[in-house]
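J.: See upload_3.cif below, with mmCIF, C-alpha atoms.
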data_upload
loop_
_atom_site.label_atom_id
_atom_site.label_comp_id
_atom_site.auth_asym_id
_atom_site.auth_seq_id
_atom_site.Cartn_x
_atom_site.Cartn_y
_atom_site.Cartn_z
CA MET A 190 -26.49 5.87 12.06
CA THR A 191 -27.95 8.03 9.26
CA GLN A 192 -24.41 9.08 8.33
CA LEU A 193 -23.27 5.45 8.21
CA LEU A 194 -26.18 4.49 5.94
CA PHE A 195 -25.49 7.50 3.74
CA SER A 196 -21.80 6.50 3.47
CA MET A 197 -22.76 2.95 2.53
CA ALA A 198 -25.13 4.25 -0.14
CA ALA A 199 -22.38 6.51 -1.52
CA ILE A 200 -19.97 3.54 -1.68
CA ALA A 201 -22.57 1.45 -3.50
CA ALA A 202 -23.17 4.30 -5.94
CA LEU A 203 -19.44 4.70 -6.72
CA VAL A 204 -18.94 0.96 -7.14
CA ALA A 205 -21.96 0.85 -9.45
CA LEU A 206 -20.52 3.75 -11.44
CA ALA A 207 -17.21 1.86 -11.81
CA TRP A 208 -19.15 -1.17 -13.05
CA ILE A 209 -21.22 0.89 -15.48
CA LEU A 210 -18.11 2.57 -16.85
CA GLY A 211 -16.77 -0.88 -17.65
CA PHE A 212 -14.02 -1.25 -15.04
CA ARG A 213 -14.61 -5.00 -14.81
CA SER A 214 -12.23 -6.36 -17.41
CA GLN A 215 -10.63 -9.78 -17.03
CA PRO A 216 -7.46 -9.53 -19.11
CA VAL A 217 -5.72 -12.59 -20.54
CA LEU A 218 -2.02 -13.33 -20.36
CA GLY A 219 0.50 -13.91 -23.11
CA GLU A 220 3.79 -15.72 -22.44
CA SER A 221 5.83 -12.54 -22.30
CA ASP A 222 3.33 -10.86 -19.95
CA ALA A 223 3.54 -13.85 -17.63
CA THR A 224 7.34 -14.00 -17.56
CA ASP A 225 7.59 -10.21 -17.11
CA GLU A 226 5.14 -10.40 -14.24
CA ALA A 227 7.00 -13.24 -12.52
CA GLU A 228 10.41 -11.60 -12.96
CA ALA A 229 9.14 -8.26 -11.71
CA MET A 230 7.38 -9.58 -8.64
CA LEU A 231 9.81 -12.29 -7.48
CA PRO A 232 13.19 -10.83 -6.55
CA GLY A 233 15.97 -12.69 -8.36
CA PHE A 234 13.62 -14.87 -10.40
CA ARG A 235 14.60 -15.36 -14.05
CA ALA A 236 12.25 -17.20 -16.35
CA GLN A 237 13.24 -19.83 -18.91
CA ALA A 238 9.89 -21.31 -19.89
CA CYS A 239 6.22 -20.57 -19.50
CA LEU A 240 2.88 -22.34 -19.82
CA VAL A 241 -0.21 -20.18 -20.18
CA ALA A 242 -3.58 -21.68 -19.21
CA ALA A 243 -5.99 -22.45 -22.07
CA ASP A 244 -8.24 -19.57 -21.02
CA GLY A 245 -5.29 -17.17 -20.62
CA ARG A 246 -6.28 -16.45 -17.00
CA ALA A 247 -3.20 -17.97 -15.33
CA ALA A 248 0.34 -19.05 -16.16
CA LEU A 249 3.08 -21.25 -14.77
CA VAL A 250 6.62 -19.97 -15.18
CA HIS A 251 9.77 -22.08 -14.92
CA GLY A 252 12.81 -20.31 -13.50
CA ILE A 253 16.41 -20.95 -14.60
CA ASP A 254 17.08 -22.08 -11.02
CA GLY A 255 14.50 -24.86 -11.45
CA SER A 256 11.84 -23.17 -9.34
CA ARG A 257 8.28 -22.61 -10.55
CA ALA A 258 5.97 -19.69 -10.14
CA LEU A 259 2.27 -19.20 -10.60
CA VAL A 260 0.80 -16.06 -12.11
CA ALA A 261 -2.85 -15.96 -11.03
CA PRO A 262 -5.61 -13.43 -11.69
CA LYS A 263 -6.95 -10.93 -9.17
CA GLY A 264 -9.55 -8.67 -10.75
CA ASP A 265 -7.80 -6.94 -13.63
CA ARG A 266 -4.37 -7.51 -12.06
CA TRP A 267 -2.10 -10.49 -11.38
CA VAL A 268 -0.52 -12.00 -8.31
CA VAL A 269 2.59 -14.15 -8.37
CA ARG A 270 3.55 -16.98 -6.02
CA ARG A 271 6.52 -19.33 -5.87
CA LEU A 272 5.31 -22.93 -5.79
CA ASP A 273 6.65 -25.81 -3.78
CA ASN A 274 7.02 -29.34 -5.16
CA ALA A 275 3.63 -30.65 -4.16
CA ALA A 276 1.64 -27.66 -5.33
CA ILE A 277 0.64 -28.80 -8.83
CA ARG A 278 -1.77 -31.68 -9.40
CA GLN A 279 -3.19 -32.96 -12.65
CA VAL A 280 -6.95 -33.49 -12.54
CA GLY A 281 -7.99 -35.45 -15.62
CA GLU A 282 -6.36 -34.77 -18.98
CA ARG A 283 -7.33 -31.16 -19.41
CA GLU A 284 -6.80 -29.48 -16.07
CA LEU A 285 -4.24 -28.73 -13.41
CA ARG A 286 -5.09 -27.69 -9.90
CA ILE A 287 -2.57 -25.51 -8.14
CA ASP A 288 -2.50 -25.12 -4.39
CA CYS A 289 -0.72 -22.00 -3.17
CA HIS A 290 -1.29 -22.58 0.57
CA ASP A 291 -2.31 -18.95 0.65
CA THR A 292 -5.38 -17.31 2.15
CA GLY A 293 -7.51 -16.00 -0.68
CA LEU A 294 -5.59 -17.89 -3.33
CA ARG A 295 -6.09 -21.52 -2.50
CA ALA A 296 -6.85 -23.94 -5.32
CA VAL A 297 -6.36 -22.30 -8.71
CA ARG A 298 -7.94 -24.06 -11.71
CA PHE A 299 -5.62 -24.23 -14.68
CA PRO A 300 -7.26 -25.49 -17.90
CA LEU A 301 -4.86 -27.08 -20.39
CA ASP A 302 -4.67 -27.04 -24.18
CA GLY A 303 -2.63 -30.24 -24.36
CA THR A 304 -0.12 -32.27 -22.39
CA PRO A 305 1.81 -30.07 -19.95
CA PRO A 306 5.61 -29.94 -20.33
CA GLY A 307 7.76 -32.07 -18.04
CA TRP A 308 9.05 -29.15 -15.93
CA ILE A 309 5.54 -28.67 -14.55
CA GLY A 310 6.08 -31.85 -12.52
CA ALA A 311 2.38 -32.26 -11.84
CA GLN A 312 1.30 -35.04 -9.52
CA THR A 313 -1.69 -37.03 -10.69
CA GLU A 314 -4.73 -36.69 -8.50
CA GLN A 315 -6.69 -39.91 -7.94
CA ALA A 316 -10.36 -39.62 -8.82
CA MET B 12 -8.06 30.91 27.39
CA THR B 13 -11.08 30.19 25.15
CA VAL B 14 -10.67 27.13 22.99
CA PRO B 15 -12.27 27.74 19.60
CA SER B 16 -14.49 25.07 18.18
CA LEU B 17 -12.77 23.70 15.12
CA PRO B 18 -14.45 21.76 12.31
CA ASP B 19 -13.24 18.32 11.24
CA PRO B 20 -11.62 18.98 7.84
CA VAL B 21 -11.95 15.33 6.79
CA GLN B 22 -15.67 15.21 7.46
CA LEU B 23 -16.19 18.43 5.52
CA ALA B 24 -14.20 17.07 2.60
CA VAL B 25 -16.03 13.74 2.24
CA PRO B 26 -18.58 14.97 -0.37
CA ALA B 27 -15.72 16.41 -2.42
CA PHE B 28 -13.86 13.08 -2.12
CA ALA B 29 -16.84 11.22 -3.57
CA ALA B 30 -17.28 13.75 -6.40
CA LEU B 31 -13.59 13.61 -7.28
CA VAL B 32 -13.58 9.81 -7.35
CA ALA B 33 -16.47 9.92 -9.83
CA LEU B 34 -14.66 12.55 -11.91
CA GLU B 35 -11.46 10.50 -11.91
CA MET B 36 -13.32 7.38 -13.11
CA TRP B 37 -14.72 9.39 -15.99
CA LEU B 38 -11.25 10.77 -16.83
CA VAL B 39 -9.70 7.29 -16.76
CA ARG B 40 -12.35 6.07 -19.20
CA ARG B 41 -11.96 9.11 -21.42
CA ARG B 42 -8.16 9.43 -21.47
CA GLY B 43 -7.16 5.78 -21.08
CA ARG B 44 -4.61 6.81 -18.46
CA GLY B 45 -4.78 5.23 -15.00
CA ALA B 46 -6.95 2.29 -14.01
CA TYR B 47 -9.93 1.23 -11.94
CA ASP B 48 -11.38 -2.13 -11.04
CA TRP B 49 -14.87 -2.09 -9.56
CA LYS B 50 -14.14 -4.75 -6.94
CA ASP B 51 -10.86 -3.15 -5.93
CA ALA B 52 -12.56 0.25 -5.63
CA GLY B 53 -15.30 -1.34 -3.52
CA ALA B 54 -12.71 -2.91 -1.23
CA SER B 55 -10.85 0.40 -0.85
CA LEU B 56 -14.02 2.35 -0.06
CA THR B 57 -15.18 -0.30 2.41
CA LEU B 58 -11.82 -0.15 4.15
CA GLY B 59 -12.17 3.63 4.30
CA LEU B 60 -15.58 3.39 5.94
CA GLY B 61 -14.33 0.74 8.38
CA SER B 62 -11.40 2.96 9.27
CA THR B 63 -13.75 5.83 10.09
CA VAL B 64 -15.83 3.57 12.35
CA ALA B 65 -12.69 2.20 14.06
CA GLY B 66 -11.45 5.77 14.53
CA LEU B 67 -14.70 6.80 16.19
CA LEU B 68 -14.57 3.82 18.53
CA THR B 69 -11.05 4.67 19.72
CA ALA B 70 -11.24 8.48 19.54
CA GLY B 71 -12.14 8.84 23.22
CA ALA B 72 -9.04 6.98 24.35
CA VAL B 73 -6.76 8.91 21.98
CA VAL B 74 -8.18 12.29 23.09
CA GLY B 75 -7.81 11.24 26.74
CA ILE B 76 -4.16 10.28 26.26
CA ALA B 77 -3.51 13.50 24.30
CA TYR B 78 -4.88 15.76 27.04
CA PHE B 79 -3.13 13.73 29.72
CA VAL B 80 0.22 14.29 28.00
CA TRP B 81 -0.60 17.95 27.29
CA GLN B 82 -0.70 18.59 31.07
CA PHE B 83 3.08 18.23 31.07
CA ARG B 84 3.64 20.73 28.21
CA LEU B 85 6.77 22.85 28.03
CA PHE B 86 5.06 25.96 26.64
CA ASP B 87 1.61 27.52 26.61
CA ILE B 88 1.12 27.95 22.89
CA PRO B 89 -1.68 30.44 22.14
CA TRP B 90 -4.45 30.11 19.57
CA ALA B 91 -2.73 32.34 17.05
CA TRP B 92 -2.31 32.07 13.25
CA TRP B 93 1.43 31.48 13.58
CA ALA B 94 0.77 28.67 16.05
CA PHE B 95 -1.49 26.92 13.50
CA LEU B 96 1.20 27.33 10.85
CA LEU B 97 3.93 25.99 13.11
CA CYS B 98 1.68 23.18 14.27
CA PHE B 99 0.89 22.20 10.66
CA VAL B 100 4.58 22.03 9.73
CA LEU B 101 5.62 20.14 12.88
CA ASP B 102 2.67 17.79 12.56
CA ASP B 103 3.83 17.02 9.02
CA LEU B 104 7.32 16.29 10.37
CA ALA B 105 5.78 13.96 12.96
CA TYR B 106 3.81 12.35 10.14
CA TYR B 107 7.02 11.77 8.16
CA TRP B 108 8.56 9.84 11.08
CA PHE B 109 5.36 7.93 11.75
CA HIS B 110 5.15 6.99 8.09
CA ARG B 111 8.80 6.01 7.83
CA THR B 112 8.45 3.83 10.93
CA ALA B 113 5.23 2.37 9.54
CA HIS B 114 7.27 1.01 6.62
CA ARG B 115 10.32 -0.08 8.58
CA VAL B 116 8.87 -1.72 11.71
CA ARG B 117 6.54 -4.64 11.15
CA TRP B 118 4.26 -3.81 14.11
CA PHE B 119 3.41 -0.47 12.56
CA TRP B 120 3.45 -1.91 9.03
CA ALA B 121 0.77 -4.44 10.03
CA SER B 122 -1.61 -1.53 10.32
CA HIS B 123 -0.32 0.65 7.47
CA VAL B 124 0.02 -2.14 4.87
CA VAL B 125 -3.73 -1.88 4.28
CA HIS B 126 -3.21 1.44 2.52
CA HIS B 127 -0.68 -0.13 0.14
CA SER B 128 -2.51 -3.37 -0.52
CA SER B 129 -4.29 -2.23 -3.68
CA GLN B 130 -2.53 -2.87 -6.98
CA HIS B 131 -4.27 0.21 -8.33
CA TYR B 132 -3.35 3.81 -7.75
CA ASN B 133 -6.37 6.05 -7.85
CA LEU B 134 -8.36 8.25 -5.50
CA THR B 135 -10.07 5.28 -3.86
CA THR B 136 -6.62 4.06 -2.80
CA ALA B 137 -6.32 7.25 -0.74
CA LEU B 138 -9.40 6.20 1.22
CA ARG B 139 -8.12 2.65 1.75
CA GLN B 140 -7.16 3.09 5.39
CA THR B 141 -6.37 0.94 8.40
CA TRP B 142 -8.82 -0.41 10.94
CA THR B 143 -6.11 -1.09 13.50
CA GLY B 144 -4.28 2.22 13.85
CA PHE B 145 -5.03 2.37 17.57
CA ILE B 146 -3.62 -1.13 18.19
CA SER B 147 -0.43 -0.27 16.35
CA LEU B 148 -0.08 2.86 18.54
CA ALA B 149 0.23 5.19 15.56
CA PHE B 150 -0.87 8.13 17.74
CA ILE B 151 2.37 8.08 19.80
CA PHE B 152 4.17 9.97 17.03
CA ARG B 153 2.05 13.05 17.77
CA LEU B 154 2.70 13.00 21.53
CA PRO B 155 5.77 15.29 21.23
CA LEU B 156 3.52 18.00 19.79
CA PHE B 157 1.39 17.93 22.94
CA LEU B 158 4.50 18.00 25.11
CA ILE B 159 5.73 21.07 23.24
CA GLY B 160 2.41 22.69 24.10
CA PHE B 161 0.13 22.54 21.06
CA ASP B 162 -3.47 22.01 22.15
CA PRO B 163 -4.65 18.54 21.03
CA ALA B 164 -7.61 20.18 19.26
CA MET B 165 -5.20 22.27 17.17
CA VAL B 166 -3.10 19.19 16.37
CA ALA B 167 -6.22 17.22 15.39
CA PHE B 168 -7.28 20.05 13.08
CA CYS B 169 -3.84 20.22 11.42
CA ALA B 170 -3.71 16.42 11.13
CA GLY B 171 -7.12 16.54 9.41
CA LEU B 172 -5.87 19.12 6.92
CA ASN B 173 -2.80 16.95 6.31
CA LEU B 174 -5.02 13.96 5.53
CA VAL B 175 -7.22 16.00 3.21
CA TYR B 176 -4.12 17.21 1.32
CA GLN B 177 -2.95 13.64 0.86
CA PHE B 178 -6.18 12.61 -0.84
CA TRP B 179 -5.64 14.29 -4.20
CA ILE B 180 -2.07 13.05 -4.70
CA HIS B 181 -3.31 9.45 -5.15
CA THR B 182 -3.88 9.77 -8.86
CA GLU B 183 -2.32 9.05 -12.22
CA GLN B 184 -4.37 11.83 -13.81
CA VAL B 185 -1.85 14.49 -12.79
CA GLY B 186 1.60 14.17 -14.35
CA ARG B 187 4.15 16.56 -12.90
CA LEU B 188 3.54 19.93 -11.29
CA PRO B 189 5.64 23.09 -11.77
CA ARG B 190 9.24 22.77 -10.55
CA TRP B 191 8.77 24.75 -7.34
CA ALA B 192 5.87 22.50 -6.32
CA GLU B 193 7.78 19.29 -7.06
CA ALA B 194 10.70 20.70 -5.02
CA VAL B 195 8.72 21.53 -1.88
CA MET B 196 5.42 19.68 -1.88
CA ASN B 197 4.45 16.03 -1.93
CA THR B 198 2.88 15.60 -5.37
CA PRO B 199 1.12 12.85 -7.31
CA SER B 200 4.45 12.06 -8.99
CA HIS B 201 6.36 11.70 -5.69
CA HIS B 202 3.60 9.68 -4.11
CA ARG B 203 3.32 7.29 -7.08
CA VAL B 204 6.92 6.40 -6.29
CA HIS B 205 5.95 5.77 -2.67
CA HIS B 206 3.21 3.31 -3.67
CA ALA B 207 5.41 1.40 -6.11
CA THR B 208 7.14 -1.92 -5.46
CA ASN B 209 9.88 -1.52 -8.08
CA PRO B 210 13.20 -2.01 -6.26
CA LEU B 211 14.28 1.51 -7.23
CA TYR B 212 11.17 2.99 -5.62
CA LEU B 213 10.71 0.71 -2.62
CA ASP B 214 10.51 2.51 0.75
CA ARG B 215 10.98 6.02 -0.58
CA ASN B 216 9.07 9.33 -0.33
CA TYR B 217 7.41 9.07 3.08
CA ALA B 218 6.26 12.69 3.10
CA GLY B 219 2.71 13.78 3.92
CA VAL B 220 2.53 17.35 2.64
CA PHE B 221 6.13 18.59 2.32
CA ILE B 222 8.59 16.46 0.33
CA ILE B 223 11.42 18.45 1.94
CA TRP B 224 11.55 15.89 4.79
CA ASP B 225 12.53 13.14 2.36
CA ARG B 226 15.12 15.40 0.79
CA MET B 227 16.48 16.25 4.26
CA PHE B 228 16.56 12.71 5.62
CA GLY B 229 17.82 10.92 2.49
CA THR B 230 14.70 9.01 1.46
CA PHE B 231 13.76 10.96 -1.65
CA GLN B 232 13.44 9.30 -5.05
CA PRO B 233 12.07 11.16 -8.07
CA GLU B 234 9.74 9.34 -10.48
CA ARG B 235 11.55 8.29 -13.65
CA ASP B 236 9.89 8.23 -17.04
CA ASP B 237 11.66 4.96 -17.89
CA VAL B 238 10.58 3.12 -14.71
CA ARG B 239 6.81 2.76 -14.65
CA PRO B 240 5.55 2.23 -11.10
CA ARG B 241 4.13 -1.20 -10.23
CA TYR B 242 1.67 -0.57 -7.43
CA GLY B 243 0.92 -2.77 -4.44
CA ILE B 244 3.06 -4.65 -1.96
CA VAL B 245 6.01 -6.99 -2.38
CA LYS B 246 3.73 -10.02 -1.93
CA ASN B 247 0.39 -8.89 -3.25
CA LEU B 248 -2.70 -10.29 -1.56
CA GLY B 249 -4.43 -13.14 -3.36
CA THR B 250 -7.88 -11.74 -2.64
CA LEU B 251 -9.81 -8.48 -2.82
CA ASN B 252 -11.60 -9.24 0.47
CA PRO B 253 -11.33 -6.07 2.61
CA LEU B 254 -11.42 -7.99 5.89
CA TRP B 255 -8.33 -9.98 4.91
CA ALA B 256 -6.62 -6.77 3.74
CA ALA B 257 -7.30 -5.26 7.18
CA VAL B 258 -5.89 -8.10 9.25
CA HIS B 259 -3.54 -10.22 7.10
CA GLU B 260 -0.26 -8.85 8.45
CA TRP B 261 -1.44 -9.19 12.06
CA VAL B 262 -2.25 -12.83 11.30
CA GLY B 263 1.22 -13.16 9.77
CA ILE B 264 2.83 -11.72 12.92
CA ALA B 265 0.84 -14.10 15.14
CA ARG B 266 1.84 -17.06 12.95
CA ASP B 267 5.53 -16.13 13.00
CA VAL B 268 5.57 -15.32 16.73
CA SER B 269 4.08 -18.73 17.51
CA ARG B 270 7.04 -20.30 15.68
CA ALA B 271 9.75 -18.12 17.27
CA GLN B 272 12.65 -20.11 18.73
CA SER B 273 14.25 -17.32 20.76
CA ALA B 274 13.73 -13.83 22.15
CA ASN B 275 15.75 -12.52 19.23
CA ASP B 276 13.38 -14.17 16.74
CA LEU B 277 10.44 -12.76 18.62
CA ALA B 278 11.85 -9.24 18.50
CA GLY B 279 12.69 -9.58 14.81
CA TYR B 280 9.22 -10.78 13.86
CA ILE B 281 7.56 -7.91 15.71
CA ALA B 282 9.97 -5.00 15.48
CA GLY B 283 12.14 -5.98 12.54
CA PRO B 284 11.51 -4.69 9.03
CA PRO B 285 8.67 -6.29 7.05
CA GLY B 286 9.90 -9.51 5.43
CA TRP B 287 12.52 -10.16 8.14
CA ARG B 288 13.49 -13.78 8.81
CA PRO B 289 15.84 -15.20 11.47
CA ASP B 290 18.04 -16.90 8.85
CA GLY B 291 18.68 -13.57 7.12
CA ALA B 292 17.03 -14.80 3.90
CA GLY B 293 13.94 -12.62 4.26
CA GLU B 294 12.67 -10.40 1.47
CA THR B 295 13.22 -7.07 3.20
CA SER B 296 13.33 -3.96 1.06
CA GLU B 297 17.13 -3.79 1.55
CA ALA B 298 17.54 -7.37 0.34
CA ILE B 299 15.31 -6.75 -2.69
CA ARG B 300 17.15 -3.56 -3.57
CA ALA B 301 20.59 -5.21 -3.10
CA ARG B 302 19.64 -8.13 -5.35
CA TRP B 303 18.31 -5.76 -7.99
CA GLU B 304 21.52 -3.69 -7.85
CA ALA B 305 23.62 -6.86 -8.20
CA THR B 306 21.57 -8.06 -11.20
CA ARG B 307 21.88 -4.63 -12.82
CA GLN B 308 25.62 -4.56 -12.28
CA GLU B 309 25.98 -8.08 -13.66
CA ALA B 310 24.03 -7.11 -16.77
CA ALA B 311 26.15 -3.98 -17.20
CA GLU B 312 29.37 -6.04 -16.93
CA ARG B 313 28.10 -8.56 -19.47
CA GLY B 314 27.26 -5.69 -21.81
CA ALA B 315 30.68 -4.01 -21.36
#
Show how you would write the structure in this file as structure tokens.

T.:
Amino acid sequence: MTQLLFSMAAIAALVALAWILGFRSQPVLGESDATDEAEAMLPGFRAQACLVAADGRAALVHGIDGSRALVAPKGDRWVVRRLDNAAIRQVGERELRIDCHDTGLRAVRFPLDGTPPGWIGAQTEQA
Amino acid sequence: MTVPSLPDPVQLAVPAFAALVALEMWLVRRRGRGAYDWKDAGASLTLGLGSTVAGLLTAGAVVGIAYFVWQFRLFDIPWAWWAFLLCFVLDDLAYYWFHRTAHRVRWFWASHVVHHSSQHYNLTTALRQTWTGFISLAFIFRLPLFLIGFDPAMVAFCAGLNLVYQFWIHTEQVGRLPRWAEAVMNTPSHHRVHHATNPLYLDRNYAGVFIIWDRMFGTFQPERDDVRPRYGIVKNLGTLNPLWAAVHEWVGIARDVSRAQSANDLAGYIAGPPGWRPDGAGETSEAIRARWEATRQEAAERGA
């Protein structure tokens, strides 16, 4: 039991050290980062358009085959998911909500700068 | 014959592991090479601790099976220096086949995927270990060593040394080692390839200590300066939660098995390669590599 407590304390100390050293960045995406990410992580996916969220913390990428992909944040890295037709909903004028049907990555908030392009195909959510 | 009492190399190395993780963090900050994320590091370390606890809970059963099998040994191998050496090399060969199977058969992958589920490659990734190794029957790959006649205590000692060796290669702080070392040993460079999801690197370099096994069995891929490794798994997890990292592939197997339409589907979902689907459209590493090759060829033809 002492060993277990000692191990837990050591883990807490190392995590604290990582935090103190500043390993808690939340990078933002540019369009080319988002398309590179989607093309690298989805085999065969080729991007033709991209919409980056207003806060730069997510992006939607339109493939030349008509499919759409979400680039979502995970710590200082990104995860990519293909989206089905019903996955994107517009909530008010300034936000999309994206449902990935994925444990740990359920409803992703996607703040908007303006009107989203038509390829997004967002369904309007009733208030 | 007196059985010497051997220390557990992993337990002895734990303080050094912690010190080296701290040193690596400092080097990353100072040099700007490599990366850490505090939550990811926390998840990796928690998975490491959980793995130790799970190992302790199942150790009795594994030791019992090992000594049961050892009764039927072909030779009485003595406690001699050459026996340790031979045991270390053969244990590493057994590790190669375990590791290769762990990437090619979903049942074994369900347990091993935990180790690959970080999108970072640093010393905490080395400690990111499975909680379900016993369920996936990983220990069966060492049974031949007991049948040959190596005492299970000797095998456990060599396996511990193997694990300790593998710790330091999980880093971006070391570039390439001298040529002889890159030729014979598993190195940070070779193992970065192993942790990468780039189609060129996928399912390569399974070695534990000696890279010669990959060279012998056709699974070797050197790291290329023009192809920067992208770490993680083909479908990276959407969360840093260590519990989900530990069980997600088992949940995936259960979900797929419940939907199986035939015995063939069932077998494919359990014993097929990760990503397998009955319609043949699954994202297996072969399919990903083939699509990448085709895209490359297409681009080359357009350029010609």

J.: Provide as a PyMOL selection string the residues of chain B at most 10 Å from chain A, counting only C-alpha atoms.

T.: chain B and resi 25-26+29-30+32-33+36-37+39-40+46-57+59-60+63-64+129-131+135+208-210+241+244-252+255+259+294+298-303+305-306

J.: From the set B:Arg190, B:Val125, B:Ile88, B:Gly144, which residue has the shortest atom-to-atom contact distance to Ala70 in chain B, counting all atoms listed in the file?

T.: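 Looking only at the distances to Ala70 in chain B, the closest residue turns out to be B:Gly144.
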
J.: How many Å lie between CA of Leu17 in chain B and CA of Trp92 in chain B, rounded to one decimal?

T.: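 So the answer is 13.5 Å.
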
J.: Smallest atom-to-atom distance to Glu35 in chain B: which of B:Ser273, B:Gln184, B:Ser128, B:Asn216, using all atoms listed in the file?

T.: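 Nearest to Glu35 in chain B: B:Gln184.
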
J.: Evaluating the PyMOL selection byres ((chain A and resi 248) around 8) on the displayed file yields which residues, as a PyMOL selection string?

T.: chain A and resi 218+220+223+239-242+245-247+249-250+259-261

J.: How would the residues just chosen look if you wrote them out with C-alpha atoms as a PDB file, in the coordinates of the input?

T.:
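Now in selection-v8.pdb:
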ATOM      1  CA  LEU A 218      -2.020 -13.330 -20.360  1.00  0.00           C
ATOM      2  CA  GLU A 220       3.790 -15.720 -22.440  1.00  0.00           C
ATOM      3  CA  ALA A 223       3.540 -13.850 -17.630  1.00  0.00           C
ATOM      4  CA  CYS A 239       6.220 -20.570 -19.500  1.00  0.00           C
ATOM      5  CA  LEU A 240       2.880 -22.340 -19.820  1.00  0.00           C
ATOM      6  CA  VAL A 241      -0.210 -20.180 -20.180  1.00  0.00           C
ATOM      7  CA  ALA A 242      -3.580 -21.680 -19.210  1.00  0.00           C
ATOM      8  CA  GLY A 245      -5.290 -17.170 -20.620  1.00  0.00           C
ATOM      9  CA  ARG A 246      -6.280 -16.450 -17.000  1.00  0.00           C
ATOM     10  CA  ALA A 247      -3.200 -17.970 -15.330  1.00  0.00           C
ATOM     11  CA  LEU A 249       3.080 -21.250 -14.770  1.00  0.00           C
ATOM     12  CA  VAL A 250       6.620 -19.970 -15.180  1.00  0.00           C
ATOM     13  CA  LEU A 259       2.270 -19.200 -10.600  1.00  0.00           C
ATOM     14  CA  VAL A 260       0.800 -16.060 -12.110  1.00  0.00           C
ATOM     15  CA  ALA A 261      -2.850 -15.960 -11.030  1.00  0.00           C
TER      16      ALA A 261
END

J.: Find the residues around His251 in chain A up to 7 Å (only C-alpha atoms counted), leave out those fewer than 5 positions away in its own chain, and share them as a list in words.

T.: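 With the cut-off at 7 Å, the set is Ala236, Gln237, Ala238, Cys239, Ser256, Arg257 and Ala258 of chain A.
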
J.: Nearest to Gly66 in chain B: which of B:Ala282, B:Leu85, B:Ile146, B:Cys169 is it, counting all atoms listed in the file?

T.: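 Answer, going by the shortest atom-to-atom distance: B:Ile146.
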
J.: Within 6 Å of Trp261 in chain B, counting only C-alpha atoms, which residues qualify if same-chain residues fewer than 3 places away don't, as an MDAnalysis selection string?

T.: chainID B and resid 121 258 264

J.: Which residue, B:Phe161, B:Phe28, B:Tyr242, B:Phe95, has the smallest gap to His202 in chain B when you use all atoms listed in the file?

T.: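 Ranked by minimum distance to His202 in chain B, first place goes to B:Tyr242.
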
J.: Please, what distance in Å, to one decimal, runs between CA of Leu211 in chain B and CA of Val238 in chain B?

T.: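 According to the coordinates, CA of Leu211 in chain B and CA of Val238 in chain B are separated by 8.5 Å.
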
J.: Can you work out the spacing between CA of Leu104 in chain B and CA of Phe86 in chain B in Å, to one decimal?

T.: 19.1 Å

J.: With the PyMOL selection byres ((chain B and resi 115) around 10) as the selection, what would be picked from this file? Answer as a VMD selection string, please.

T.: chain B and resid 109 to 114 116 to 120 214 282 to 286 295 to 296

J.: Centre and edge lengths, as JSON, for the axis-aligned box enclosing every listed atom of range 107-119 of chain B with 8 Å of padding on each of the six sides, in Å to one decimal?

T.:
{"center_x": 6.9, "center_y": 3.6, "center_z": 10.4, "size_x": 22.9, "size_y": 32.4, "size_z": 23.5}

J.: Report as a PDB file with C-alpha atoms, in the frame of the given file the residues that result from applying the PyMOL selection byres ((chain A and resi 302) around 12) to the structure here.

T.:
ATOM      1  CA  LEU A 240       2.880 -22.340 -19.820  1.00  0.00           C
ATOM      2  CA  VAL A 241      -0.210 -20.180 -20.180  1.00  0.00           C
ATOM      3  CA  ALA A 242      -3.580 -21.680 -19.210  1.00  0.00           C
ATOM      4  CA  ALA A 243      -5.990 -22.450 -22.070  1.00  0.00           C
ATOM      5  CA  ASP A 244      -8.240 -19.570 -21.020  1.00  0.00           C
ATOM      6  CA  GLY A 245      -5.290 -17.170 -20.620  1.00  0.00           C
ATOM      7  CA  GLU A 282      -6.360 -34.770 -18.980  1.00  0.00           C
ATOM      8  CA  ARG A 283      -7.330 -31.160 -19.410  1.00  0.00           C
ATOM      9  CA  GLU A 284      -6.800 -29.480 -16.070  1.00  0.00           C
ATOM     10  CA  LEU A 285      -4.240 -28.730 -13.410  1.00  0.00           C
ATOM     11  CA  PHE A 299      -5.620 -24.230 -14.680  1.00  0.00           C
ATOM     12  CA  PRO A 300      -7.260 -25.490 -17.900  1.00  0.00           C
ATOM     13  CA  LEU A 301      -4.860 -27.080 -20.390  1.00  0.00           C
ATOM     14  CA  GLY A 303      -2.630 -30.240 -24.360  1.00  0.00           C
ATOM     15  CA  THR A 304      -0.120 -32.270 -22.390  1.00  0.00           C
ATOM     16  CA  PRO A 305       1.810 -30.070 -19.950  1.00  0.00           C
ATOM     17  CA  PRO A 306       5.610 -29.940 -20.330  1.00  0.00           C
TER      18      PRO A 306
END
